[in-house]
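So the structure is just underneath, and the comments pick up after that.
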Amino acid sequence: MDYLNDLESVWGMDDTPEKVKVLEHLIAAADAHNDVQNGIYARDLLVETCLTMGFTKKQLQAFSWIIKKWESEDSDVYINTEDFLWKYTWFGERAPTFEDISKKQISNILMDMKVKHQQQNYALRPCYKVFTFAAMRMGKVDEAKKRFEQWISAETDLSKQCPICEAQNQVYYYFFMKDFENAKKLAQPIIEEEQGCHEIPHQTYAMMALVYLELGDKHMAQECFDKGYPMVHKEMALIPPISYLLEFLIKTNQLEKAREVLNSNREIVLKSENGLDQLLFLQAAYPLFDREKEADLIEMTEALTAKFDARNGNNYYQDCLEVY
């Protein structure tokens with residue numbers, strides 16, 4: 001079983017598309033040999049790799065399989081409980097970003113995540129954060145406010161909860177709500193003390209470029225762009241912050257640079273598996289599109305806008321588009 005040697009060696013690989021291909025081969029080999037445990041290990045590593053690479057659909061497919069094994073009665077299968085629940089929050093966060101996943105399916109995923117936390121006697125704070133993000137991504141502002149209050153008032157007990165990530169997650173909420181003063185208050189330590197973790201301060205700089213601009217601090221806004229854009233340029237997993245920075249350039253009339261950002265990131269956006277990531281970028285770029293030469297991008301923007309609003313049962317994304 002040569003695939004077992006490959007499984008050991010893949011741990012030392014950088015997160016690249018090639019690593020994803022190797023893991024997919026390992027999963028197929030493990031499944032062919034009915035090797036459930038190594039199938040779990042390979043998929044678990046694929047989930048983590050796809051988070052970095054931005055292959056959201058592959059990530060969700062792999063974790064869906066792990067959920068089924070978790071729920072099975074096979075006593076020979078080992079899945080670490082804390083790690084599983086932690087990754088379930090990733091799964092729950094990303095479900096609303098696909099326009100083809102229905103509201104009912106999203107609700108079922110979120111409720112199942114909560115039930116599994118309760119069954120294992122874990123605190124529900126991570127679940128309420130996911131509920132908040134789901135409401136935000138579905139344009140449900142009042143629901144997001146309600147869920148945010150549950151989130152910040154709930155206890156936590158998962159050791160994997162990172163205080164820097166927790167602060168950035170709340171920056172994201174206040175950014176979404178256009179509560180720019182609170183966003184600034186929470187983001188300042190991340191920026192001034194150069195705190196970092198995975199996608200931080202990448203996400204922070206992008207949001208704060210717009211926040212500082214809205215607060216009238218053009219110098220800090222430009223500084224956030226200058227520091228943030230090199231961190232996210234051509235990164236498929238970081239299309240939302242690229243979108244925020246593109247919006248910043250357009251709002252500050254830096255149209256030549258905005259066109260450069262659009263053109264250099266267009267390929268990764270069009271290849272993205274994530275519909276909401278595509279929509280955020282396309283809506284940010286919408287004012288730049290040539291109505292004749294880029295009619296296909298205009299059509300794609302408007303079609304995705306309509307699909308997400310139809311799924312969500314509101315006009316949130318259409319309202320965002322009309323701002324432009």
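A note on labels: chains of the structure tokens are A, B, ... as shown, every chain counts residues from 1, and ligands are counted from 1 in their shown order.
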*Skip range 206-218 of chain A itself and residues of its chain fewer than 2 positions away, then list as a VMD selection string all residues within 12 Å of it, counting only C-alpha atoms.*
chain A and resid 168 to 188 190 to 191 199 to 204 220 to 233 238 to 252
Residue neighbourhood Leu288 in chain A, 12 Å, only C-alpha atoms, exclusion window fewer than 2 positions, as a compact mmCIF listing (two decimals) with N, CA, C and O atoms, in the first residue's frame:
# COMPACT_ATOMS: atom_id res chain seq x y z
N LEU A 246 -10.22 46.95 -3.38
CA LEU A 246 -10.62 47.47 -4.68
C LEU A 246 -11.68 48.57 -4.50
O LEU A 246 -11.62 49.62 -5.16
N GLU A 247 -12.62 48.33 -3.62
CA GLU A 247 -13.65 49.34 -3.34
C GLU A 247 -13.01 50.61 -2.80
O GLU A 247 -13.41 51.73 -3.16
N LEU A 249 -10.02 51.77 -3.48
CA LEU A 249 -9.37 52.48 -4.59
C LEU A 249 -10.39 53.26 -5.42
O LEU A 249 -10.12 54.39 -5.82
N ILE A 250 -11.53 52.66 -5.65
CA ILE A 250 -12.56 53.34 -6.44
C ILE A 250 -13.11 54.55 -5.68
O ILE A 250 -13.30 55.62 -6.24
N LYS A 251 -13.34 54.38 -4.39
CA LYS A 251 -13.89 55.48 -3.59
C LYS A 251 -12.91 56.64 -3.46
O LYS A 251 -13.33 57.79 -3.25
N ASN A 253 -10.85 57.41 -5.89
CA ASN A 253 -10.60 57.83 -7.28
C ASN A 253 -9.22 57.42 -7.78
O ASN A 253 -8.66 58.08 -8.67
N GLN A 254 -8.69 56.34 -7.25
CA GLN A 254 -7.42 55.79 -7.75
C GLN A 254 -7.75 54.75 -8.82
O GLN A 254 -7.51 53.55 -8.67
N LEU A 255 -8.31 55.23 -9.92
CA LEU A 255 -8.93 54.34 -10.89
C LEU A 255 -7.91 53.54 -11.71
O LEU A 255 -8.19 52.39 -12.09
N GLU A 256 -6.76 54.09 -11.96
CA GLU A 256 -5.73 53.34 -12.69
C GLU A 256 -5.25 52.15 -11.86
O GLU A 256 -5.11 51.03 -12.37
N LYS A 257 -5.03 52.39 -10.57
CA LYS A 257 -4.62 51.31 -9.68
C LYS A 257 -5.76 50.32 -9.50
O LYS A 257 -5.54 49.09 -9.43
N ALA A 258 -6.98 50.80 -9.45
CA ALA A 258 -8.14 49.92 -9.31
C ALA A 258 -8.24 48.98 -10.51
O ALA A 258 -8.51 47.78 -10.35
N ARG A 259 -8.03 49.51 -11.71
CA ARG A 259 -8.07 48.67 -12.91
C ARG A 259 -6.95 47.62 -12.87
O ARG A 259 -7.15 46.47 -13.26
N GLU A 260 -5.80 48.02 -12.35
CA GLU A 260 -4.69 47.07 -12.22
C GLU A 260 -5.06 45.93 -11.26
O GLU A 260 -4.79 44.75 -11.53
N VAL A 261 -5.70 46.27 -10.13
CA VAL A 261 -6.14 45.27 -9.15
C VAL A 261 -7.19 44.36 -9.78
O VAL A 261 -7.16 43.13 -9.61
N LEU A 262 -8.12 44.94 -10.50
CA LEU A 262 -9.14 44.15 -11.18
C LEU A 262 -8.52 43.16 -12.16
O LEU A 262 -8.82 41.96 -12.13
N ASN A 263 -7.65 43.66 -13.02
CA ASN A 263 -7.09 42.80 -14.06
C ASN A 263 -6.18 41.71 -13.50
O ASN A 263 -6.20 40.58 -13.99
N PHE A 281 -16.31 40.52 -5.11
CA PHE A 281 -15.31 41.13 -6.00
C PHE A 281 -15.98 41.80 -7.19
O PHE A 281 -15.66 42.94 -7.55
N LEU A 282 -16.91 41.11 -7.81
CA LEU A 282 -17.57 41.64 -9.00
C LEU A 282 -18.38 42.90 -8.68
O LEU A 282 -18.39 43.85 -9.47
N GLN A 283 -19.03 42.91 -7.52
CA GLN A 283 -19.77 44.12 -7.15
C GLN A 283 -18.82 45.28 -6.88
O GLN A 283 -19.11 46.42 -7.24
N ALA A 284 -17.67 44.98 -6.24
CA ALA A 284 -16.69 46.05 -6.00
C ALA A 284 -16.17 46.61 -7.32
O ALA A 284 -15.95 47.81 -7.46
N ALA A 285 -15.98 45.71 -8.31
CA ALA A 285 -15.42 46.11 -9.61
C ALA A 285 -16.46 46.69 -10.55
O ALA A 285 -16.11 47.27 -11.59
N TYR A 286 -17.72 46.57 -10.22
CA TYR A 286 -18.83 46.92 -11.11
C TYR A 286 -18.69 48.32 -11.74
O TYR A 286 -18.94 48.49 -12.95
N ASP A 290 -16.38 47.99 -18.44
CA ASP A 290 -16.75 48.57 -19.72
C ASP A 290 -18.03 47.90 -20.19
O ASP A 290 -18.08 46.68 -20.33
N ARG A 291 -19.08 48.68 -20.40
CA ARG A 291 -20.41 48.13 -20.69
C ARG A 291 -20.45 47.30 -21.97
O ARG A 291 -21.34 46.48 -22.15
N GLU A 292 -19.48 47.50 -22.86
CA GLU A 292 -19.43 46.71 -24.10
C GLU A 292 -18.39 45.59 -24.00
O GLU A 292 -18.71 44.42 -24.23
N LYS A 293 -17.18 45.94 -23.64
CA LYS A 293 -16.10 44.96 -23.63
C LYS A 293 -16.21 43.96 -22.48
O LYS A 293 -15.68 42.84 -22.57
N GLU A 294 -16.85 44.36 -21.39
CA GLU A 294 -16.95 43.47 -20.22
C GLU A 294 -18.41 43.17 -19.88
O GLU A 294 -18.76 43.01 -18.71
N ALA A 295 -19.22 43.08 -20.92
CA ALA A 295 -20.64 42.78 -20.71
C ALA A 295 -20.85 41.45 -20.02
O ALA A 295 -21.81 41.26 -19.26
N LEU A 297 -18.99 40.17 -17.65
CA LEU A 297 -18.77 40.35 -16.21
C LEU A 297 -19.96 41.08 -15.58
O LEU A 297 -20.34 40.79 -14.44
N ILE A 298 -20.52 42.01 -16.31
CA ILE A 298 -21.73 42.69 -15.83
C ILE A 298 -22.86 41.69 -15.67
O ILE A 298 -23.57 41.67 -14.65
N TYR A 324 -23.63 51.51 -6.19
CA TYR A 324 -22.65 51.91 -7.21
C TYR A 324 -23.32 52.64 -8.35
O TYR A 324 -22.66 53.18 -9.21
*For Cys197 in chain A: contacts at 9 Å, only C-alpha atoms, fewer than 4 positions along chain excluded, given as an MDAnalysis selection string*: chainID A and resid 162 164:165 201
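With distances restricted to only C-alpha atoms, A:Glu322 is the closest residue to Pro287 in chain A from A:Glu82, A:Arg94, A:Glu322, A:Glu24.
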*Neighbours of Ser9 in chain A within 12 Å (only C-alpha atoms; same-chain residues fewer than 5 positions away dropped), as a VMD selection string?*
chain A and resid 2 to 4 14 19 22 to 23 26 42
For the residues selected in the previous step, produce a file with all heavy atoms as a short mmCIF file (atom, residue, chain, number, x, y, z; two decimals), in the first residue's frame.
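Written file, out05.cif:
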data_model
loop_
_atom_site.label_atom_id
_atom_site.label_comp_id
_atom_site.auth_asym_id
_atom_site.auth_seq_id
_atom_site.Cartn_x
_atom_site.Cartn_y
_atom_site.Cartn_z
N ASP A 2 1.39 1.62 -1.19
CA ASP A 2 2.30 2.74 -1.31
C ASP A 2 1.68 4.06 -0.86
O ASP A 2 2.38 4.99 -0.49
CB ASP A 2 2.78 2.88 -2.75
CG ASP A 2 3.67 1.71 -3.18
OD1 ASP A 2 4.20 1.04 -2.28
OD2 ASP A 2 3.80 1.48 -4.39
N TYR A 3 0.36 4.14 -0.91
CA TYR A 3 -0.29 5.40 -0.56
C TYR A 3 -0.04 5.78 0.89
O TYR A 3 -0.09 6.95 1.25
CB TYR A 3 -1.79 5.34 -0.85
CG TYR A 3 -2.61 4.47 0.08
CD1 TYR A 3 -3.21 5.01 1.21
CD2 TYR A 3 -2.79 3.12 -0.17
CE1 TYR A 3 -3.98 4.23 2.06
CE2 TYR A 3 -3.55 2.33 0.68
CZ TYR A 3 -4.14 2.88 1.78
OH TYR A 3 -4.88 2.10 2.64
N LEU A 4 0.27 4.78 1.75
CA LEU A 4 0.57 5.09 3.15
C LEU A 4 1.88 5.86 3.27
O LEU A 4 2.00 6.76 4.11
CB LEU A 4 0.64 3.80 3.97
CG LEU A 4 -0.68 3.03 4.10
CD1 LEU A 4 -0.47 1.76 4.92
CD2 LEU A 4 -1.75 3.90 4.75
N ASP A 14 4.16 22.07 1.26
CA ASP A 14 3.49 23.36 1.39
C ASP A 14 2.07 23.27 0.84
O ASP A 14 1.76 22.37 0.05
CB ASP A 14 4.27 24.43 0.60
CG ASP A 14 5.62 24.74 1.22
OD1 ASP A 14 5.77 24.56 2.45
OD2 ASP A 14 6.53 25.15 0.47
N LYS A 19 -0.43 19.81 -3.75
CA LYS A 19 -0.73 19.08 -2.52
C LYS A 19 -2.19 18.64 -2.50
O LYS A 19 -2.50 17.53 -2.05
CB LYS A 19 -0.44 19.97 -1.30
CG LYS A 19 -0.67 19.26 0.05
CD LYS A 19 -0.30 20.19 1.20
CE LYS A 19 -0.52 19.52 2.54
NZ LYS A 19 -0.18 20.41 3.67
N VAL A 22 -2.47 15.59 -4.63
CA VAL A 22 -1.90 14.42 -3.95
C VAL A 22 -2.88 13.89 -2.90
O VAL A 22 -3.11 12.68 -2.81
CB VAL A 22 -0.55 14.78 -3.29
CG1 VAL A 22 -0.06 13.64 -2.39
CG2 VAL A 22 0.50 15.09 -4.35
N LEU A 23 -3.47 14.79 -2.14
CA LEU A 23 -4.43 14.37 -1.12
C LEU A 23 -5.66 13.71 -1.74
O LEU A 23 -6.18 12.73 -1.21
CB LEU A 23 -4.83 15.57 -0.26
CG LEU A 23 -3.76 16.03 0.74
CD1 LEU A 23 -4.12 17.40 1.32
CD2 LEU A 23 -3.61 15.02 1.87
N LEU A 26 -4.70 10.27 -2.57
CA LEU A 26 -4.60 9.46 -1.35
C LEU A 26 -5.99 9.06 -0.84
O LEU A 26 -6.19 7.93 -0.39
CB LEU A 26 -3.85 10.23 -0.26
CG LEU A 26 -2.36 10.48 -0.50
CD1 LEU A 26 -1.79 11.39 0.58
CD2 LEU A 26 -1.61 9.15 -0.52
N ALA A 42 -6.57 11.81 5.61
CA ALA A 42 -6.32 12.52 4.36
C ALA A 42 -7.34 13.62 4.13
O ALA A 42 -7.01 14.73 3.69
CB ALA A 42 -6.31 11.53 3.20
#
*Taking the DSSP assignment computed from this structure's backbone, write out as number ranges by chain all residues of range 12-258 of chain A that belong to helix (DSSP H, G or I).*
A: 17-32, 36-53, 56-71, 81-97, 103-119, 125-137, 141-153, 163-176, 180-192, 202-214, 218-232, 236-251, 255-258
*CA of Val130 in chain A to CA of Asn315 in chain A, straight-line distance in Å*: 21.9 Å
*Quick one: pull the distance between CA of Leu60 in chain A and CA of Asp319 in chain A, Å, one decimal.*
29.1 Å
Quick one: residues within 6 Å of range 141-151 of chain A, only C-alpha atoms, excluding same-chain residues fewer than 4 positions away - as a short mmCIF file (atom, residue, chain, number, x, y, z; two decimals) with C-alpha atoms, in the first residue's frame?
data_model
loop_
_atom_site.label_atom_id
_atom_site.label_comp_id
_atom_site.auth_asym_id
_atom_site.auth_seq_id
_atom_site.Cartn_x
_atom_site.Cartn_y
_atom_site.Cartn_z
CA ARG A 125 -20.10 30.61 21.73
CA TYR A 128 -23.38 31.76 17.85
CA LYS A 129 -20.46 33.34 15.99
CA THR A 132 -23.95 35.68 13.20
CA ALA A 135 -27.00 36.02 8.98
CA MET A 136 -24.54 38.64 7.73
#
Considering only C-alpha atoms, give me a table of residues in range 229-295 of chain A that are at most 8 Å from range 96-114 of chain A, with the closest atom pair and distance in Å for each, as a tab-separated table.
residue	atom	partner	partner_atom	distance
A:Asn274	CA	A:Phe98	CA	6.1
A:Gly275	CA	A:Phe98	CA	5.3
A:Leu276	CA	A:Thr97	CA	4.9
A:Asp277	CA	A:Thr97	CA	7.4
*Gap from CA of Glu71 in chain A to CA of Lys21 in chain A - Å, one decimal*: 27.2 Å
_Residues near Glu93 in chain A, cut-off 8 Å, only C-alpha atoms, skip fewer than 5 positions along chain, as number ranges by chain_ = A: 130-131, 133-134
_I'd like the contact shell of His117 in chain A - 8 Å cut-off, only C-alpha atoms, skipping same-chain residues fewer than 6 positions apart - returned as a PyMOL selection string._
chain A and resi 85+123-124
Let's have the selection written as a short mmCIF file (atom, residue, chain, number, x, y, z; two decimals), in the first residue's frame, with N, CA and C atoms.
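For reference, result39.cif as written:
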data_model
loop_
_atom_site.label_atom_id
_atom_site.label_comp_id
_atom_site.auth_asym_id
_atom_site.auth_seq_id
_atom_site.Cartn_x
_atom_site.Cartn_y
_atom_site.Cartn_z
N LEU A 85 -15.26 19.52 16.11
CA LEU A 85 -16.21 20.60 16.36
C LEU A 85 -15.67 21.95 15.88
N ALA A 123 -19.29 24.56 25.01
CA ALA A 123 -19.98 25.85 25.03
C ALA A 123 -20.43 26.21 23.62
N LEU A 124 -21.45 27.06 23.53
CA LEU A 124 -22.06 27.38 22.25
C LEU A 124 -21.56 28.69 21.64
#
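Across A:Arg266, A:Lys87, A:Lys58, A:His219, the tightest approach to Glu235 in chain A is made by A:Arg266 when counting only C-alpha atoms.
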